[in-house]
file model-v3.cif (mmCIF, C-alpha atoms and all ligand atoms)
data_entry
#
loop_
_atom_site.label_atom_id
_atom_site.label_comp_id
_atom_site.auth_asym_id
_atom_site.auth_seq_id
_atom_site.Cartn_x
_atom_site.Cartn_y
_atom_site.Cartn_z
CA MET A 1 28.15 -16.58 -9.25
CA SER A 2 26.31 -15.09 -6.31
CA ILE A 3 23.73 -12.54 -7.38
CA GLN A 4 24.27 -9.03 -6.03
CA LYS A 5 22.28 -5.82 -6.43
CA THR A 6 24.21 -3.33 -8.53
CA LYS A 7 22.10 -0.31 -9.53
CA LEU A 8 18.61 0.91 -8.60
CA LEU A 9 16.63 0.66 -11.84
CA TYR A 10 13.30 2.00 -10.62
CA GLU A 11 11.52 2.87 -7.39
CA GLY A 12 7.77 2.37 -7.43
CA LYS A 13 5.08 2.83 -4.80
CA ALA A 14 5.46 -0.64 -3.31
CA LYS A 15 8.79 -1.93 -4.64
CA LYS A 16 12.33 -1.01 -5.59
CA ILE A 17 13.65 -2.83 -8.67
CA TRP A 18 17.41 -3.45 -8.75
CA GLU A 19 19.74 -4.43 -11.55
CA THR A 20 22.15 -7.21 -10.65
CA ASN A 21 25.56 -8.49 -11.70
CA ASP A 22 23.66 -10.74 -14.16
CA SER A 23 22.22 -8.52 -16.92
CA GLU A 24 19.24 -10.86 -17.41
CA LEU A 25 18.16 -10.89 -13.74
CA LEU A 26 16.57 -8.26 -11.52
CA ILE A 27 15.74 -8.11 -7.82
CA SER A 28 12.43 -6.69 -6.54
CA GLU A 29 12.66 -5.32 -3.00
CA PHE A 30 9.20 -5.17 -1.44
CA LYS A 31 8.57 -2.02 0.65
CA ASP A 32 6.33 -1.43 3.67
CA SER A 33 4.78 1.67 2.07
CA LEU A 34 1.10 1.70 1.15
CA THR A 35 -0.57 3.99 -1.37
CA ALA A 36 -4.09 4.22 -2.73
CA PHE A 37 -6.13 6.45 -5.04
CA ASN A 38 -3.17 6.93 -7.41
CA GLY A 39 -0.81 7.92 -4.58
CA GLU A 40 -3.15 10.42 -2.85
CA LYS A 41 -3.46 8.30 0.32
CA LYS A 42 -0.15 7.15 1.79
CA SER A 43 0.96 5.16 4.81
CA GLN A 44 3.45 2.60 6.11
CA GLU A 45 2.68 -0.85 7.52
CA ALA A 46 5.56 -2.66 9.22
CA GLY A 47 6.07 -6.13 7.77
CA LYS A 48 3.86 -5.58 4.69
CA GLY A 49 6.80 -5.85 2.26
CA ALA A 50 7.83 -9.22 3.66
CA LEU A 51 4.24 -10.51 3.63
CA ASN A 52 3.76 -9.50 -0.01
CA ASN A 53 7.08 -11.02 -1.03
CA LYS A 54 6.23 -14.33 0.66
CA ILE A 55 2.64 -14.46 -0.68
CA SER A 56 3.85 -13.55 -4.20
CA ALA A 57 6.56 -16.22 -4.09
CA GLU A 58 4.00 -18.90 -3.13
CA LEU A 59 1.61 -17.84 -5.91
CA PHE A 60 4.29 -17.53 -8.62
CA ASP A 61 5.59 -20.96 -7.62
CA TYR A 62 2.06 -22.41 -7.83
CA LEU A 63 1.43 -20.83 -11.27
CA ASN A 64 4.84 -21.91 -12.59
CA LYS A 65 3.94 -25.48 -11.64
CA LYS A 66 0.66 -25.10 -13.57
CA GLY A 67 2.68 -24.16 -16.68
CA ILE A 68 2.12 -20.38 -16.60
CA PRO A 69 5.30 -18.61 -17.77
CA THR A 70 6.35 -16.00 -15.17
CA HIS A 71 9.38 -13.87 -14.36
CA TYR A 72 9.78 -15.51 -10.92
CA ILE A 73 12.99 -17.32 -10.02
CA LYS A 74 13.19 -17.41 -6.21
CA MET A 75 12.84 -15.54 -2.96
CA ILE A 76 16.25 -14.31 -1.78
CA ASP A 77 15.22 -13.26 1.73
CA ASP A 78 12.16 -11.83 3.52
CA THR A 79 11.82 -8.75 1.32
CA ASN A 80 13.80 -9.54 -1.86
CA MET A 81 12.75 -11.62 -4.86
CA LEU A 82 14.95 -12.65 -7.80
CA HIS A 83 13.29 -12.62 -11.20
CA LYS A 84 13.95 -12.38 -14.92
CA ARG A 85 14.28 -9.01 -16.59
CA ALA A 86 11.34 -8.27 -18.87
CA GLN A 87 10.24 -5.38 -20.99
CA VAL A 88 7.03 -4.18 -19.32
CA ILE A 89 3.81 -4.11 -21.36
CA ARG A 90 2.16 -0.91 -20.11
CA ILE A 91 -1.29 -2.46 -19.69
CA GLU A 92 -2.79 -3.38 -16.30
CA VAL A 93 -4.92 -6.45 -16.93
CA ILE A 94 -7.86 -6.37 -14.48
CA VAL A 95 -9.81 -9.59 -13.90
CA ARG A 96 -13.15 -9.50 -12.06
CA ASN A 97 -15.33 -12.34 -10.78
CA ILE A 98 -17.46 -10.32 -8.34
CA ALA A 99 -18.35 -6.62 -8.59
CA ALA A 100 -16.39 -4.27 -6.30
CA GLY A 101 -14.26 -1.13 -6.39
CA SER A 102 -14.22 0.96 -9.55
CA LEU A 103 -16.63 -1.37 -11.40
CA SER A 104 -19.28 -0.86 -8.71
CA ARG A 105 -18.62 2.88 -8.62
CA SER A 106 -18.58 3.48 -12.37
CA LEU A 107 -21.43 1.20 -13.50
CA GLY A 108 -23.55 1.10 -10.32
CA ILE A 109 -23.29 -2.69 -9.92
CA LYS A 110 -23.78 -3.46 -6.21
CA GLU A 111 -20.60 -4.61 -4.45
CA GLY A 112 -20.70 -8.39 -4.02
CA THR A 113 -22.78 -9.11 -7.14
CA LYS A 114 -21.42 -12.23 -8.85
CA LEU A 115 -20.74 -11.34 -12.47
CA PRO A 116 -22.40 -13.57 -15.13
CA PHE A 117 -18.93 -14.23 -16.58
CA THR A 118 -15.37 -13.23 -15.75
CA LEU A 119 -14.70 -9.69 -16.89
CA VAL A 120 -11.23 -8.85 -18.23
CA GLU A 121 -10.42 -5.16 -18.63
CA PHE A 122 -7.34 -3.19 -19.67
CA ASP A 123 -6.12 -0.06 -17.86
CA TYR A 124 -3.29 2.13 -19.15
CA LYS A 125 -0.31 1.81 -16.79
CA ASN A 126 0.29 5.54 -16.58
CA ASP A 127 0.19 7.30 -13.18
CA ASP A 128 0.28 10.79 -14.73
CA LEU A 129 -3.01 10.04 -16.51
CA GLY A 130 -4.53 8.15 -13.54
CA ASP A 131 -4.47 4.71 -15.25
CA PRO A 132 -7.45 5.29 -17.60
CA LYS A 133 -9.51 2.46 -19.13
CA LEU A 134 -8.39 1.24 -22.55
CA ASN A 135 -10.26 -0.50 -25.32
CA ASP A 136 -8.50 -2.63 -27.95
CA GLN A 137 -8.20 0.26 -30.40
CA HIS A 138 -6.59 2.48 -27.73
CA CYS A 139 -4.02 -0.27 -27.07
CA LEU A 140 -3.15 -0.42 -30.78
CA ILE A 141 -3.06 3.37 -31.27
CA LEU A 142 -0.71 3.69 -28.26
CA GLU A 143 1.37 0.76 -29.61
CA LEU A 144 1.19 -0.98 -26.23
CA VAL A 145 1.08 -4.33 -28.09
CA GLN A 146 2.03 -5.40 -31.59
CA ASP A 147 -1.38 -6.56 -32.78
CA GLU A 148 -4.86 -7.70 -31.77
CA ALA A 149 -3.67 -11.28 -31.37
CA GLU A 150 -1.50 -10.16 -28.46
CA LEU A 151 -4.52 -8.58 -26.75
CA ASP A 152 -6.39 -11.86 -27.19
CA TYR A 153 -3.39 -13.68 -25.73
CA LEU A 154 -3.37 -11.38 -22.66
CA ARG A 155 -7.09 -12.08 -22.14
CA TYR A 156 -6.53 -15.81 -22.62
CA MET A 157 -3.67 -15.86 -20.08
CA ALA A 158 -5.64 -13.71 -17.61
CA ARG A 159 -8.60 -16.14 -17.72
CA LYS A 160 -6.33 -19.15 -17.37
CA ILE A 161 -4.55 -17.60 -14.36
CA ASN A 162 -7.95 -16.71 -12.88
CA TYR A 163 -9.04 -20.33 -13.27
CA PHE A 164 -5.99 -21.61 -11.34
CA LEU A 165 -6.10 -18.87 -8.69
CA GLN A 166 -9.83 -19.25 -8.04
CA SER A 167 -9.35 -22.93 -7.23
CA PHE A 168 -6.24 -22.12 -5.14
CA TYR A 169 -8.12 -19.57 -3.03
CA GLN A 170 -11.22 -21.72 -2.77
CA GLU A 171 -9.10 -24.28 -0.91
CA LEU A 172 -8.14 -21.47 1.51
CA ASN A 173 -11.79 -20.54 2.06
CA LEU A 174 -11.19 -17.20 0.29
CA LYS A 175 -13.20 -15.65 -2.55
CA LEU A 176 -11.11 -14.17 -5.36
CA VAL A 177 -13.15 -11.03 -6.11
CA ASP A 178 -10.83 -9.27 -8.58
CA PHE A 179 -7.15 -8.63 -9.26
CA LYS A 180 -4.60 -6.90 -11.46
CA LEU A 181 -1.95 -8.65 -13.54
CA GLU A 182 1.01 -7.26 -15.44
CA PHE A 183 2.85 -8.88 -18.30
CA GLY A 184 6.21 -8.30 -19.99
CA ARG A 185 8.41 -9.68 -22.72
CA ASP A 186 11.43 -11.78 -21.81
CA LYS A 187 14.72 -11.69 -23.73
CA ASP A 188 13.30 -14.08 -26.35
CA GLY A 189 10.19 -11.93 -26.85
CA ASN A 190 7.87 -14.33 -25.01
CA ILE A 191 5.03 -12.77 -23.02
CA ILE A 192 5.41 -13.70 -19.32
CA LEU A 193 3.61 -12.79 -16.09
CA ILE A 194 5.59 -10.18 -14.10
CA ASP A 195 5.21 -7.81 -11.12
CA GLU A 196 3.75 -9.24 -7.88
CA LEU A 197 0.81 -11.38 -6.78
CA SER A 198 -0.21 -10.04 -3.38
CA PRO A 199 -3.25 -8.72 -1.47
CA ASP A 200 -2.11 -5.22 -2.57
CA ASN A 201 -3.33 -6.23 -6.05
CA PHE A 202 -6.04 -8.78 -5.24
CA ARG A 203 -9.41 -8.40 -3.57
CA LEU A 204 -9.90 -11.43 -1.33
CA TRP A 205 -12.91 -11.99 0.91
CA ASP A 206 -13.33 -14.65 3.56
CA ALA A 207 -15.76 -17.17 2.03
CA ASN A 208 -17.88 -17.43 5.20
CA THR A 209 -17.96 -13.87 6.50
CA ASN A 210 -17.03 -11.78 3.39
CA GLU A 211 -14.46 -10.04 5.60
CA LYS A 212 -11.98 -8.11 3.44
CA MET A 213 -8.48 -9.60 3.55
CA ASP A 214 -6.77 -7.21 1.13
CA LYS A 215 -5.70 -3.60 0.51
CA ASP A 216 -9.32 -2.39 0.81
CA ARG A 217 -8.59 -2.52 4.58
CA PHE A 218 -6.29 0.46 3.94
CA ARG A 219 -8.32 2.10 1.15
CA GLN A 220 -11.45 2.05 3.33
CA GLY A 221 -9.66 2.79 6.65
CA LEU A 222 -10.75 -0.52 8.20
CA GLY A 223 -7.39 -1.17 9.96
CA GLY A 224 -5.88 -4.61 10.55
CA LEU A 225 -4.06 -4.81 7.22
CA ALA A 226 -0.96 -6.69 8.41
CA GLU A 227 -3.18 -9.09 10.39
CA ALA A 228 -5.28 -9.83 7.28
CA TYR A 229 -2.22 -10.38 5.04
CA THR A 230 -0.68 -12.60 7.74
CA GLU A 231 -3.89 -14.65 7.80
CA VAL A 232 -3.74 -15.05 3.99
CA LEU A 233 -0.10 -16.22 4.21
CA ASN A 234 -0.91 -18.62 7.06
CA ARG A 235 -3.77 -20.17 5.09
CA ILE A 236 -1.41 -20.60 2.10
CA LYS A 237 1.27 -22.22 4.29
CA ASN A 238 -1.28 -24.61 5.85
CA ARG A 239 -2.77 -25.59 2.50
O1 LIG B 301 -9.86 -0.15 -8.26
P1 LIG B 301 -10.40 -1.28 -9.09
O2 LIG B 301 -11.71 -1.79 -8.59
O3 LIG B 301 -10.42 -0.96 -10.56
O4 LIG B 301 -9.36 -2.47 -8.91
C1 LIG B 301 -9.57 -3.76 -9.44
C2 LIG B 301 -8.51 -4.70 -8.92
O5 LIG B 301 -7.24 -4.36 -9.48
C3 LIG B 301 -8.31 -4.64 -7.40
O6 LIG B 301 -8.04 -5.94 -6.93
C4 LIG B 301 -7.10 -3.74 -7.21
O7 LIG B 301 -6.38 -4.09 -6.06
C5 LIG B 301 -6.30 -4.01 -8.47
N1 LIG B 301 -5.58 -2.83 -8.96
C6 LIG B 301 -4.21 -2.73 -8.72
N2 LIG B 301 -3.51 -1.63 -9.18
C7 LIG B 301 -4.12 -0.67 -9.86
C8 LIG B 301 -5.50 -0.74 -10.11
C9 LIG B 301 -6.20 -1.84 -9.64
O8 LIG B 301 -3.62 -3.62 -8.12
N3 LIG B 301 -3.39 0.37 -10.30
#

call {"tool": "encode", "arguments": {"input": "model-v3.cif", "output": "structure tokens"}}
result
Amino acid sequence: MSIQKTKLLYEGKAKKIWETNDSELLISEFKDSLTAFNGEKKSQEAGKGALNNKISAELFDYLNKKGIPTHYIKMIDDTNMLHKRAQVIRIEVIVRNIAAGSLSRSLGIKEGTKLPFTLVEFDYKNDDLGDPKLNDQHCLILELVQDEAELDYLRYMARKINYFLQSFYQELNLKLVDFKLEFGRDKDGNIILIDELSPDNFRLWDANTNEKMDKDRFRQGLGGLAEAYTEVLNRIKNR
């Protein structure tokens, strides 16, 4: 059976998610739109959707081979990815190796400071509330997970994924500063990695120059976003 898009399930800031003629499979269509600061800053970057789709496909494939369960099945074409349907866990799992972004702003830790250990944080996936920080009790009160063991499992998976991705990027002469992961439950109730794995959600710095190769180029008005993402993809392809 060839997989076809049937109905638009959801349109987000960077992707459209389509239902398909197979009820267990969805298609993510990566868009060229860029947003930052909870949608306050908006733009378009030609080719960004395709770059993010290709980078995500490479990273999901790599993690699948390392035994990490993910929703990824395959890339369909430049901007479309086939993946399993999952029930989204409304927690953004943020992993930080080096201080930057909101951690530097909120706690006054100088950007670029190597953290003494990998920090894993939870943000509430809720645009209306501006994705506030969550502690474990908030997660339980909001019933975002079933119990504390699931929170521990999310932290365990996040650290394991960080371990694999850090070594992956090290080979590409890139520093993995921080990133966001999302998880969901598949049809059997297993927790799997979902969403995308792209420089929209990762901070990546060149290991020699500390040049920013990620969405901070847009957030900070540095320009050259498509060029930076293309460079990341080229380094992955030449690995
Ligand atoms: O903004 P902040 O410093 O908290 O972001 C930490 C990391 O999580 C960054 O790599 C950023 O790209 C990612 N992030 C994301 N989506 C969000 C919030 C953060 O991809 N809604």

call {"tool": "closest_residue", "arguments": {"input": "model-v3.cif", "among": "A:Ser167, A:Ser23, A:Ser104, A:Thr79", "to": "A:Ala50", "atoms": "only C-alpha atoms"}}
result
A:Thr79

call {"tool": "closest_residue", "arguments": {"input": "model-v3.cif", "among": "A:Ser198, A:Thr6, A:Asn190, A:Asn162", "to": "A:Ala228", "atoms": "only C-alpha atoms"}}
result
A:Ser198

call {"tool": "atom_distance", "arguments": {"input": "model-v3.cif", "atom1": "atom CA of A:Lys175", "atom2": "atom CA of A:Ala207"}}
result
5.5 Å

call {"tool": "closest_atom_pairs", "arguments": {"input": "model-v3.cif", "of": "chain A", "to": "ligand LIG 301 (chain B)", "cutoff": "7 Å", "atoms": "all atoms listed in the file", "output": "tab-separated table"}}
result
residue	atom	partner	partner_atom	distance
A:Ile94	CA	B:LIG301	O5	5.4
A:Ala100	CA	B:LIG301	O2	5.8
A:Gly101	CA	B:LIG301	O2	3.4
A:Ser102	CA	B:LIG301	O2	3.8
A:Leu103	CA	B:LIG301	O2	5.7
A:Asp131	CA	B:LIG301	N3	6.7
A:Asp178	CA	B:LIG301	O6	4.6
A:Phe179	CA	B:LIG301	O6	3.7
A:Lys180	CA	B:LIG301	O5	4.2
A:Asp200	CA	B:LIG301	O7	5.6
A:Asn201	CA	B:LIG301	O8	3.3
A:Phe202	CA	B:LIG301	O6	3.9
A:Arg203	CA	B:LIG301	O6	4.4
A:Lys215	CA	B:LIG301	O7	6.6

call {"tool": "closest_residue", "arguments": {"input": "model-v3.cif", "among": "A:Leu165, A:Leu174, A:Ile194, A:Ile89", "to": "A:Leu59", "atoms": "all atoms listed in the file"}}
result
A:Leu165

call {"tool": "residues_around", "arguments": {"input": "model-v3.cif", "residues": "A:Ile98", "least_positions_apart": "5", "cutoff": "10 Å", "atoms": "only C-alpha atoms", "output": "tab-separated table (two decimals) with C-alpha atoms, in the frame of the given file"}}
result
chain	number	residue	atom	x	y	z
A	103	LEU	CA	-16.63	-1.37	-11.40
A	104	SER	CA	-19.28	-0.86	-8.71
A	109	ILE	CA	-23.29	-2.69	-9.92
A	110	LYS	CA	-23.78	-3.46	-6.21
A	111	GLU	CA	-20.60	-4.61	-4.45
A	112	GLY	CA	-20.70	-8.39	-4.02
A	113	THR	CA	-22.78	-9.11	-7.14
A	114	LYS	CA	-21.42	-12.23	-8.85
A	115	LEU	CA	-20.74	-11.34	-12.47
A	116	PRO	CA	-22.40	-13.57	-15.13
A	117	PHE	CA	-18.93	-14.23	-16.58
A	118	THR	CA	-15.37	-13.23	-15.75
A	119	LEU	CA	-14.70	-9.69	-16.89
A	175	LYS	CA	-13.20	-15.65	-2.55
A	176	LEU	CA	-11.11	-14.17	-5.36
A	177	VAL	CA	-13.15	-11.03	-6.11
A	178	ASP	CA	-10.83	-9.27	-8.58
A	203	ARG	CA	-9.41	-8.40	-3.57
